[in-house]
>>> print(open('coords04.pdb').read())   # PDB, C-alpha atoms
ATOM      1  CA  MET Y  13     -36.796  84.101  41.002
ATOM      2  CA  ILE Y  14     -38.379  83.589  37.586
ATOM      3  CA  ARG Y  15     -39.591  86.904  36.173
ATOM      4  CA  THR Y  16     -39.356  89.329  33.265
ATOM      5  CA  ILE Y  17     -37.016  92.299  33.185
ATOM      6  CA  MET Y  18     -38.059  95.454  35.059
ATOM      7  CA  VAL Y  19     -40.080  98.095  33.214
ATOM      8  CA  GLU Y  20     -40.673 101.712  34.234
ATOM      9  CA  LEU Y  21     -44.231 103.033  34.190
ATOM     10  CA  SER Y  22     -45.622 106.329  32.947
ATOM     11  CA  THR Y  23     -49.027 105.886  34.620
ATOM     12  CA  ILE Y  24     -47.497 106.282  38.084
ATOM     13  CA  GLU Y  25     -43.945 106.737  39.333
ATOM     14  CA  ALA Y  26     -43.063 103.089  39.718
ATOM     15  CA  ALA Y  27     -41.209 100.107  38.288
ATOM     16  CA  ALA Y  28     -42.742  96.695  37.669
ATOM     17  CA  TYR Y  29     -42.332  93.183  36.295
ATOM     18  CA  ARG Y  30     -44.228  89.955  35.670
ATOM     19  CA  GLN Y  31     -43.396  86.797  37.585
ATOM     20  CA  LYS Y  32     -44.549  83.224  38.116
ATOM     21  CA  LEU Y  33     -47.004  82.645  40.963
ATOM     22  CA  ARG Y  34     -47.680  79.626  43.166
ATOM     23  CA  ASN Y  35     -51.022  78.980  41.461
ATOM     24  CA  GLY Y  36     -49.346  78.700  38.051
ATOM     25  CA  ASN Y  37     -50.635  82.039  36.762
ATOM     26  CA  SER Y  38     -48.637  85.098  35.849
ATOM     27  CA  GLY Y  39     -48.430  87.829  38.454
ATOM     28  CA  ILE Y  40     -47.710  91.541  38.252
ATOM     29  CA  VAL Y  41     -45.645  93.328  40.875
ATOM     30  CA  ILE Y  42     -45.578  97.151  40.912
ATOM     31  CA  MET Y  43     -43.169  98.993  43.199
ATOM     32  CA  ARG Y  44     -43.668 102.704  43.753
ATOM     33  CA  TYR Y  45     -40.688 104.875  44.569
ATOM     34  CA  ASP Y  46     -42.523 106.550  47.468
ATOM     35  CA  THR Y  47     -43.828 103.573  49.436
ATOM     36  CA  ASP Y  48     -42.567 100.264  50.784
ATOM     37  CA  GLN Y  49     -45.722  98.292  50.002
ATOM     38  CA  PRO Y  50     -45.856  96.823  46.465
ATOM     39  CA  GLY Y  51     -49.018  96.501  44.392
ATOM     40  CA  ILE Y  52     -49.809  92.917  43.400
ATOM     41  CA  ALA Y  53     -52.146  91.496  40.769
ATOM     42  CA  THR Y  54     -52.784  88.153  39.106
ATOM     43  CA  VAL Y  55     -53.341  87.932  35.361
ATOM     44  CA  ASN Y  56     -56.719  86.285  34.839
ATOM     45  CA  ARG Y  57     -56.170  83.546  32.244
ATOM     46  CA  LYS Y  58     -59.797  83.669  31.085
ATOM     47  CA  SER Y  59     -60.299  87.417  30.698
ATOM     48  CA  GLY Y  60     -56.658  88.403  30.210
ATOM     49  CA  GLU Y  61     -57.235  91.248  32.685
ATOM     50  CA  PRO Y  62     -55.264  91.992  35.863
ATOM     51  CA  ASP Y  63     -56.950  91.080  39.154
ATOM     52  CA  PRO Y  64     -55.389  93.180  41.954
ATOM     53  CA  SER Y  65     -54.977  91.442  45.307
ATOM     54  CA  HIS Y  66     -57.421  92.306  48.092
ATOM     55  CA  ASN Y  67     -54.777  94.213  50.056
ATOM     56  CA  THR Y  68     -53.579  96.318  47.120
ATOM     57  CA  ASN Y  69     -54.492 100.001  47.457
ATOM     58  CA  LEU Y  70     -56.117 100.932  44.146
ATOM     59  CA  GLU Y  71     -55.587 104.626  44.800
ATOM     60  CA  GLN Y  72     -51.841 104.100  44.927
ATOM     61  CA  PHE Y  73     -51.886 101.304  42.334
ATOM     62  CA  PRO Y  74     -54.715 102.038  39.873
ATOM     63  CA  LEU Y  75     -55.937  99.401  37.461
ATOM     64  CA  GLU Y  76     -54.494 101.457  34.588
ATOM     65  CA  ALA Y  77     -51.006 100.918  36.023
ATOM     66  CA  PHE Y  78     -51.439  97.138  36.030
ATOM     67  CA  LYS Y  79     -52.715  97.276  32.446
ATOM     68  CA  GLU Y  80     -49.664  99.327  31.485
ATOM     69  CA  VAL Y  81     -47.399  96.656  32.993
ATOM     70  CA  MET Y  82     -49.205  94.009  30.958
ATOM     71  CA  GLU Y  83     -48.692  96.050  27.800
ATOM     72  CA  LEU Y  84     -45.025  96.781  28.525
ATOM     73  CA  THR Y  85     -44.206  93.162  29.413
ATOM     74  CA  TYR Y  86     -46.315  91.645  26.615
ATOM     75  CA  GLY Y  87     -44.429  88.717  25.129
ATOM     76  CA  MET Y  88     -41.347  89.234  27.283
ATOM     77  CA  PRO Y  89     -39.675  85.914  28.113
ATOM     78  CA  TYR Y  90     -39.145  84.776  31.660
ATOM     79  CA  SER Y  91     -35.633  84.256  32.936
ATOM     80  CA  ARG Y  92     -33.998  83.609  36.268
ATOM     81  CA  ARG Y  93     -33.385  86.993  37.866
ATOM     82  CA  GLY Y  94     -32.623  88.287  41.341
ATOM     83  CA  LYS Y  95     -35.277  89.489  43.765
ATOM     84  CA  VAL Y  96     -36.028  93.186  43.568
ATOM     85  CA  LYS Y  97     -36.317  95.772  46.341
ATOM     86  CA  LEU Y  98     -36.740  99.495  45.745
ATOM     87  CA  SER Y  99     -37.560 100.801  49.212
ATOM     88  CA  GLY Y 100     -37.198  97.762  51.438
ATOM     89  CA  GLU Y 101     -40.687  96.604  50.581
ATOM     90  CA  ARG Y 102     -41.932  93.250  51.789
ATOM     91  CA  GLU Y 103     -41.536  90.320  49.433
ATOM     92  CA  ASP Y 104     -44.621  89.206  47.528
ATOM     93  CA  ALA Y 105     -45.993  86.245  49.490
ATOM     94  CA  SER Y 106     -47.653  84.843  46.351
ATOM     95  CA  ALA Y 107     -44.348  84.384  44.575
ATOM     96  CA  GLN Y 108     -43.456  80.748  44.472
ATOM     97  CA  GLU Y 109     -40.230  79.093  45.427
ATOM     98  CA  GLU Y 110     -39.220  77.733  42.050
ATOM     99  CA  THR Y 111     -38.900  73.988  41.704
ATOM    100  CA  ALA Y 112     -35.687  72.347  40.537
ATOM    101  CA  GLU Y 113     -37.458  71.441  37.269
ATOM    102  CA  GLU Y 114     -38.527  75.041  36.622
ATOM    103  CA  LEU Y 115     -35.051  76.377  37.310
ATOM    104  CA  ALA Y 116     -33.531  73.670  35.117
ATOM    105  CA  THR Y 117     -35.938  74.619  32.315
ATOM    106  CA  ILE Y 118     -35.334  78.367  32.545
ATOM    107  CA  ASP Y 119     -31.569  77.760  32.638
ATOM    108  CA  SER Y 120     -31.560  75.180  29.837
ATOM    109  CA  ALA Y 121     -29.736  75.740  26.570
ATOM    110  CA  GLU Y 122     -32.931  74.818  24.711
ATOM    111  CA  TYR Y 123     -35.061  77.519  26.384
ATOM    112  CA  GLU Y 124     -32.277  80.060  25.897
ATOM    113  CA  ALA Y 125     -31.924  79.051  22.238
ATOM    114  CA  ILE Y 126     -35.624  79.666  21.544
ATOM    115  CA  VAL Y 127     -35.547  83.014  23.353
ATOM    116  CA  ASN Y 128     -32.430  84.091  21.447
ATOM    117  CA  ALA Y 129     -33.723  82.882  18.087
ATOM    118  CA  TYR Y 130     -37.197  84.405  18.258
ATOM    119  CA  THR Y 131     -36.880  87.544  20.417
ATOM    120  CA  ASN Y 132     -37.322  90.798  18.532
ATOM    121  CA  ARG Y 133     -35.570  94.129  19.091
ATOM    122  CA  LYS Y 134     -38.152  95.146  21.687
ATOM    123  CA  GLY Y 135     -37.208  92.168  23.824
ATOM    124  CA  GLU Y 136     -40.474  90.368  23.020
ATOM    125  CA  LEU Y 137     -40.801  86.773  21.913
ATOM    126  CA  SER Y 138     -42.094  86.831  18.338
ATOM    127  CA  TYR Y 139     -44.699  84.083  18.327
ATOM    128  CA  GLU Y 140     -45.461  84.873  14.690
ATOM    129  CA  LEU Y 141     -41.858  84.207  13.632
ATOM    130  CA  LEU Y 142     -41.614  81.123  15.846
ATOM    131  CA  ASN Y 143     -44.789  79.577  14.430
ATOM    132  CA  LYS Y 144     -43.851  80.461  10.842
ATOM    133  CA  ASP Y 145     -40.504  78.703  11.224
ATOM    134  CA  PHE Y 146     -42.008  75.616  12.864
ATOM    135  CA  ILE Y 147     -44.812  75.383  10.275
ATOM    136  CA  GLN Y 148     -42.291  75.598   7.444
ATOM    137  CA  PHE Y 149     -40.408  72.669   8.944
ATOM    138  CA  ALA Y 150     -43.600  70.639   9.443
ATOM    139  CA  LYS Y 151     -44.599  71.104   5.793
ATOM    140  CA  SER Y 152     -41.177  70.068   4.476
ATOM    141  CA  SER Y 153     -40.576  67.080   6.776
ATOM    142  CA  THR Y 154     -41.035  63.602   5.296
ATOM    143  CA  VAL Y 155     -41.305  62.220   8.841
ATOM    144  CA  ILE Y 156     -44.268  64.502   9.508
ATOM    145  CA  SER Y 157     -45.836  63.457   6.191
ATOM    146  CA  ASP Y 158     -45.541  59.817   7.269
ATOM    147  CA  MET Y 159     -47.012  60.621  10.701
ATOM    148  CA  VAL Y 160     -49.990  62.315   9.044
ATOM    149  CA  ALA Y 161     -50.465  59.361   6.685
ATOM    150  CA  ASN Y 162     -50.330  56.967   9.634
ATOM    151  CA  HIS Y 163     -53.027  58.915  11.526
ATOM    152  CA  ALA Y 164     -50.807  60.239  14.317
ATOM    153  CA  SER Y 165     -52.529  62.628  16.707
ATOM    154  CA  GLU Y 166     -52.184  66.408  16.589
ATOM    155  CA  LYS Y 167     -50.308  66.330  19.894
ATOM    156  CA  GLU Y 168     -47.868  63.647  18.728
ATOM    157  CA  ILE Y 169     -47.085  65.598  15.562
ATOM    158  CA  ARG Y 170     -46.671  68.903  17.397
ATOM    159  CA  ASN Y 171     -44.413  67.348  20.017
ATOM    160  CA  HIS Y 172     -42.227  65.874  17.292
ATOM    161  CA  VAL Y 173     -41.985  69.187  15.417
ATOM    162  CA  VAL Y 174     -41.067  71.085  18.575
ATOM    163  CA  LYS Y 175     -38.569  68.446  19.732
ATOM    164  CA  VAL Y 176     -36.762  68.315  16.388
ATOM    165  CA  LYS Y 177     -36.646  72.103  16.071
ATOM    166  CA  LEU Y 178     -35.238  72.410  19.594
ATOM    167  CA  GLU Y 179     -32.648  69.789  18.747
ATOM    168  CA  SER Y 180     -31.644  71.667  15.604
ATOM    169  CA  LEU Y 181     -31.336  74.940  17.526
ATOM    170  CA  THR Y 182     -29.104  73.480  20.240
ATOM    171  CA  GLY Y 183     -27.544  70.331  18.826
ATOM    172  CA  ASN Y 184     -28.933  68.347  21.788
ATOM    173  CA  ARG Y 185     -30.269  65.041  20.418
ATOM    174  CA  GLU Y 186     -31.258  63.651  23.808
ATOM    175  CA  LEU Y 187     -34.245  65.854  24.659
ATOM    176  CA  THR Y 188     -37.142  64.004  26.265
ATOM    177  CA  VAL Y 189     -40.828  64.684  25.616
ATOM    178  CA  ALA Y 190     -41.126  65.836  29.249
ATOM    179  CA  GLN Y 191     -38.324  68.380  28.814
ATOM    180  CA  THR Y 192     -39.913  69.654  25.617
ATOM    181  CA  GLN Y 193     -43.302  70.014  27.320
ATOM    182  CA  ARG Y 194     -41.813  71.997  30.215
ATOM    183  CA  ILE Y 195     -40.224  74.430  27.756
ATOM    184  CA  ILE Y 196     -43.570  74.875  25.974
ATOM    185  CA  GLU Y 197     -45.294  75.535  29.303
ATOM    186  CA  MET Y 198     -42.681  78.134  30.261
ATOM    187  CA  LEU Y 199     -43.169  79.920  26.931
ATOM    188  CA  ASP Y 200     -46.943  79.774  27.405
ATOM    189  CA  GLU Y 201     -46.614  81.660  30.698
ATOM    190  CA  VAL Y 202     -45.873  84.879  28.769
ATOM    191  CA  SER Y 203     -48.074  84.206  25.767
ATOM    192  CA  PRO Y 204     -51.580  85.718  25.550
ATOM    193  CA  ARG Y 205     -52.679  82.413  24.025
ATOM    194  CA  HIS Y 206     -51.124  79.023  23.367
ATOM    195  CA  VAL Y 207     -47.637  79.658  22.028
ATOM    196  CA  PHE Y 208     -48.077  77.200  19.151
ATOM    197  CA  LYS Y 209     -51.646  78.116  18.202
ATOM    198  CA  GLU Y 210     -50.809  78.678  14.514
ATOM    199  CA  LEU Y 211     -48.738  75.488  14.367
ATOM    200  CA  ASN Y 212     -51.614  73.517  15.906
ATOM    201  CA  ASP Y 213     -54.037  75.023  13.368
ATOM    202  CA  GLU Y 214     -51.746  74.017  10.496
ATOM    203  CA  ILE Y 215     -51.353  70.477  11.821
ATOM    204  CA  ARG Y 216     -55.145  70.132  12.015
ATOM    205  CA  LYS Y 217     -55.343  71.233   8.364
ATOM    206  CA  MET Y 218     -52.741  68.644   7.383
ATOM    207  CA  LEU Y 219     -54.667  65.915   9.211
ATOM    208  CA  SER Y 220     -57.964  66.946   7.606
ATOM    209  CA  ARG Y 221     -56.439  66.537   4.121
ATOM    210  CA  ARG Y 222     -55.079  63.026   4.683
TER     211      ARG Y 222
END
>>> encode(input="coords04.pdb", output="structure tokens")
Amino acid sequence: MIRTIMVELSTIEAAAYRQKLRNGNSGIVIMRYDTDQPGIATVNRKSGEPDPSHNTNLEQFPLEAFKEVMELTYGMPYSRRGKVKLSGEREDASAQEETAEELATIDSAEYEAIVNAYTNRKGELSYELLNKDFIQFAKSSTVISDMVANHASEKEIRNHVVKVKLESLTGNRELTVAQTQRIIEMLDEVSPRHVFKELNDEIRKMLSRR
């Protein structure tokens, strides 16, 4: 399954992780040490708050516990990891069966290269470092300068920056736009906002000065 590493909570005696859900959102799974039934919540993409499932007992799994999981897993990258059972609890029915494309993306050298290059000591993806590096490249690239001068779109410029940086990290010169986009989407799953927000802002500035 595609999920973050396990974290241990202080709010309640439990362990937890984030995972991908069938609806495309991030989900939180909390497993207490004293019960078989896990607590499940979806991360609301609009509010950024956890929405516990209707059958989750909020006395056993208080909202504060879900918020603690969000804080502890903030920025943690997804990876392919085994299913988890603490007390023989039932599997989360909302967890999706990963597609071949998702598994290929999470297992790709390009995704691994980004995670390795921009993960800090806490195990969090540093979006600040990632954006700073990509912006520096965009500003120094003559190809990007030509794209700006020729009125390329923000999306075209960003896709080129990301593709070239991925190629330089891995040495793979045959990445497709579709592969690049899937990697961006996977990174966005654990980002509180668009992973390349600062890069997009900088590209818009470059286009406004043309």
>>> atom_distance(input="coords04.pdb", atom1="atom CA of Arg221 of chain Y", atom2="atom CA of Val174 of chain Y")
21.6 Å
>>> closest_atom_pairs(input="coords04.pdb", of="segment 147-201 of chain Y", to="segment 32-35 of chain Y", cutoff="12 Å", atoms="only C-alpha atoms", output="CSV")
residue,atom,partner,partner_atom,distance
Y:Glu197,CA,Y:Lys32,CA,11.7
Y:Met198,CA,Y:Lys32,CA,9.5
Y:Leu199,CA,Y:Lys32,CA,11.7
Y:Asp200,CA,Y:Lys32,CA,11.5
Y:Glu201,CA,Y:Lys32,CA,7.9
>>> resolve_selection(input="coords04.pdb", expression="the PyMOL selection byres ((chain Y and resi 118) around 12)", output="PyMOL selection string")
chain Y and resi 13-16+32+89-93+110-117+119-127+191+194-199+201
>>> resolve_selection(input="coords04.pdb", expression="the PyMOL selection byres ((chain Y and resi 47-60) around 7)", output="mmCIF file with C-alpha atoms, in the coordinates of the input")
data_model
loop_
_atom_site.group_PDB
_atom_site.id
_atom_site.type_symbol
_atom_site.label_atom_id
_atom_site.label_comp_id
_atom_site.auth_asym_id
_atom_site.auth_seq_id
_atom_site.Cartn_x
_atom_site.Cartn_y
_atom_site.Cartn_z
ATOM 1 C CA ASN Y 37 -50.635 82.039 36.762
ATOM 2 C CA SER Y 38 -48.637 85.098 35.849
ATOM 3 C CA GLY Y 39 -48.430 87.829 38.454
ATOM 4 C CA ILE Y 40 -47.710 91.541 38.252
ATOM 5 C CA VAL Y 41 -45.645 93.328 40.875
ATOM 6 C CA ILE Y 42 -45.578 97.151 40.912
ATOM 7 C CA MET Y 43 -43.169 98.993 43.199
ATOM 8 C CA ARG Y 44 -43.668 102.704 43.753
ATOM 9 C CA TYR Y 45 -40.688 104.875 44.569
ATOM 10 C CA ASP Y 46 -42.523 106.550 47.468
ATOM 11 C CA GLU Y 61 -57.235 91.248 32.685
ATOM 12 C CA PRO Y 62 -55.264 91.992 35.863
ATOM 13 C CA ASP Y 63 -56.950 91.080 39.154
ATOM 14 C CA PRO Y 64 -55.389 93.180 41.954
ATOM 15 C CA SER Y 65 -54.977 91.442 45.307
ATOM 16 C CA THR Y 68 -53.579 96.318 47.120
ATOM 17 C CA PHE Y 73 -51.886 101.304 42.334
ATOM 18 C CA SER Y 99 -37.560 100.801 49.212
ATOM 19 C CA GLY Y 100 -37.198 97.762 51.438
ATOM 20 C CA GLU Y 101 -40.687 96.604 50.581
ATOM 21 C CA ARG Y 102 -41.932 93.250 51.789
#
>>> resolve_selection(input="coords04.pdb", expression="the PyMOL selection byres ((chain Y and resi 222) around 7)", output="PyMOL selection string")
chain Y and resi 160-161+218-221
>>> atom_distance(input="coords04.pdb", atom1="atom CA of Glu166 of chain Y", atom2="atom CA of Glu140 of chain Y")
19.7 Å
>>> atom_distance(input="coords04.pdb", atom1="atom CA of Glu136 of chain Y", atom2="atom CA of Glu83 of chain Y")
11.1 Å
>>> residues_around(input="coords04.pdb", residues="Val189 of chain Y", least_positions_apart="5", cutoff="9 Å", atoms="all atoms listed in the file", output="compact mmCIF listing (two decimals) with C-alpha atoms, keeping the file's coordinate frame")
# COMPACT_ATOMS: atom_id res chain seq x y z
CA ASN Y 171 -44.41 67.35 20.02
CA HIS Y 172 -42.23 65.87 17.29
CA LYS Y 175 -38.57 68.45 19.73
CA ARG Y 194 -41.81 72.00 30.22
>>> closest_residue(input="coords04.pdb", among="Y:Leu211, Y:Leu181, Y:Ala77, Y:Ala26", to="Asn143 of chain Y", atoms="only C-alpha atoms")
Y:Leu211
>>> axis_aligned_box(input="coords04.pdb", around="segment 46-58 of chain Y", padding_each_side="5 Å", output="AutoDock Vina command-line options")
--center_x -51.2 --center_y 95.0 --center_z 40.9 --size_x 27.3 --size_y 33.0 --size_z 29.7
>>> closest_residue(input="coords04.pdb", among="Y:Lys217, Y:Thr192, Y:Lys167, Y:Tyr139", to="Glu179 of chain Y", atoms="only C-alpha atoms")
Y:Thr192
>>> decode(input="coords04.pdb", residues="segment 43-84 of chain Y", atoms="C-alpha atoms", output="PDB file, in the first residue's frame")
ATOM      1  CA  MET Y  43      -4.720   2.041  15.517  1.00  0.00           C
ATOM      2  CA  ARG Y  44      -5.094   1.820  19.276  1.00  0.00           C
ATOM      3  CA  TYR Y  45      -3.219  -0.853  21.174  1.00  0.00           C
ATOM      4  CA  ASP Y  46      -6.342  -1.857  23.128  1.00  0.00           C
ATOM      5  CA  THR Y  47      -8.908  -2.343  20.368  1.00  0.00           C
ATOM      6  CA  ASP Y  48      -9.196  -4.064  17.004  1.00  0.00           C
ATOM      7  CA  GLN Y  49     -11.204  -1.307  15.323  1.00  0.00           C
ATOM      8  CA  PRO Y  50      -9.094   1.475  13.743  1.00  0.00           C
ATOM      9  CA  GLY Y  51     -10.087   5.136  13.656  1.00  0.00           C
ATOM     10  CA  ILE Y  52     -10.363   6.537  10.133  1.00  0.00           C
ATOM     11  CA  ALA Y  53     -10.482  10.107   8.850  1.00  0.00           C
ATOM     12  CA  THR Y  54     -10.174  11.897   5.527  1.00  0.00           C
ATOM     13  CA  VAL Y  55      -8.117  15.069   5.222  1.00  0.00           C
ATOM     14  CA  ASN Y  56     -10.431  17.767   3.896  1.00  0.00           C
ATOM     15  CA  ARG Y  57      -8.567  19.440   1.021  1.00  0.00           C
ATOM     16  CA  LYS Y  58     -10.468  22.713   1.456  1.00  0.00           C
ATOM     17  CA  SER Y  59     -10.215  23.195   5.218  1.00  0.00           C
ATOM     18  CA  GLY Y  60      -7.099  21.098   5.824  1.00  0.00           C
ATOM     19  CA  GLU Y  61      -8.894  19.530   8.802  1.00  0.00           C
ATOM     20  CA  PRO Y  62      -9.477  15.821   9.466  1.00  0.00           C
ATOM     21  CA  ASP Y  63     -13.003  14.523   8.847  1.00  0.00           C
ATOM     22  CA  PRO Y  64     -13.505  11.317  10.887  1.00  0.00           C
ATOM     23  CA  SER Y  65     -15.602   8.609   9.243  1.00  0.00           C
ATOM     24  CA  HIS Y  66     -19.178   8.125  10.447  1.00  0.00           C
ATOM     25  CA  ASN Y  67     -18.341   4.830  12.157  1.00  0.00           C
ATOM     26  CA  THR Y  68     -15.295   6.143  14.023  1.00  0.00           C
ATOM     27  CA  ASN Y  69     -15.835   6.361  17.788  1.00  0.00           C
ATOM     28  CA  LEU Y  70     -14.743   9.876  18.750  1.00  0.00           C
ATOM     29  CA  GLU Y  71     -14.424   8.896  22.396  1.00  0.00           C
ATOM     30  CA  GLN Y  72     -11.787   6.329  21.510  1.00  0.00           C
ATOM     31  CA  PHE Y  73     -10.370   8.398  18.638  1.00  0.00           C
ATOM     32  CA  PRO Y  74     -10.754  12.088  19.553  1.00  0.00           C
ATOM     33  CA  LEU Y  75     -10.313  14.799  16.960  1.00  0.00           C
ATOM     34  CA  GLU Y  76      -7.132  15.903  18.756  1.00  0.00           C
ATOM     35  CA  ALA Y  77      -5.558  12.532  17.932  1.00  0.00           C
ATOM     36  CA  PHE Y  78      -6.253  12.958  14.215  1.00  0.00           C
ATOM     37  CA  LYS Y  79      -4.800  16.474  14.344  1.00  0.00           C
ATOM     38  CA  GLU Y  80      -1.701  15.084  16.049  1.00  0.00           C
ATOM     39  CA  VAL Y  81      -1.290  12.553  13.227  1.00  0.00           C
ATOM     40  CA  MET Y  82      -1.532  15.371  10.696  1.00  0.00           C
ATOM     41  CA  GLU Y  83       1.149  17.308  12.557  1.00  0.00           C
ATOM     42  CA  LEU Y  84       3.452  14.301  12.952  1.00  0.00           C
TER      43      LEU Y  84
END
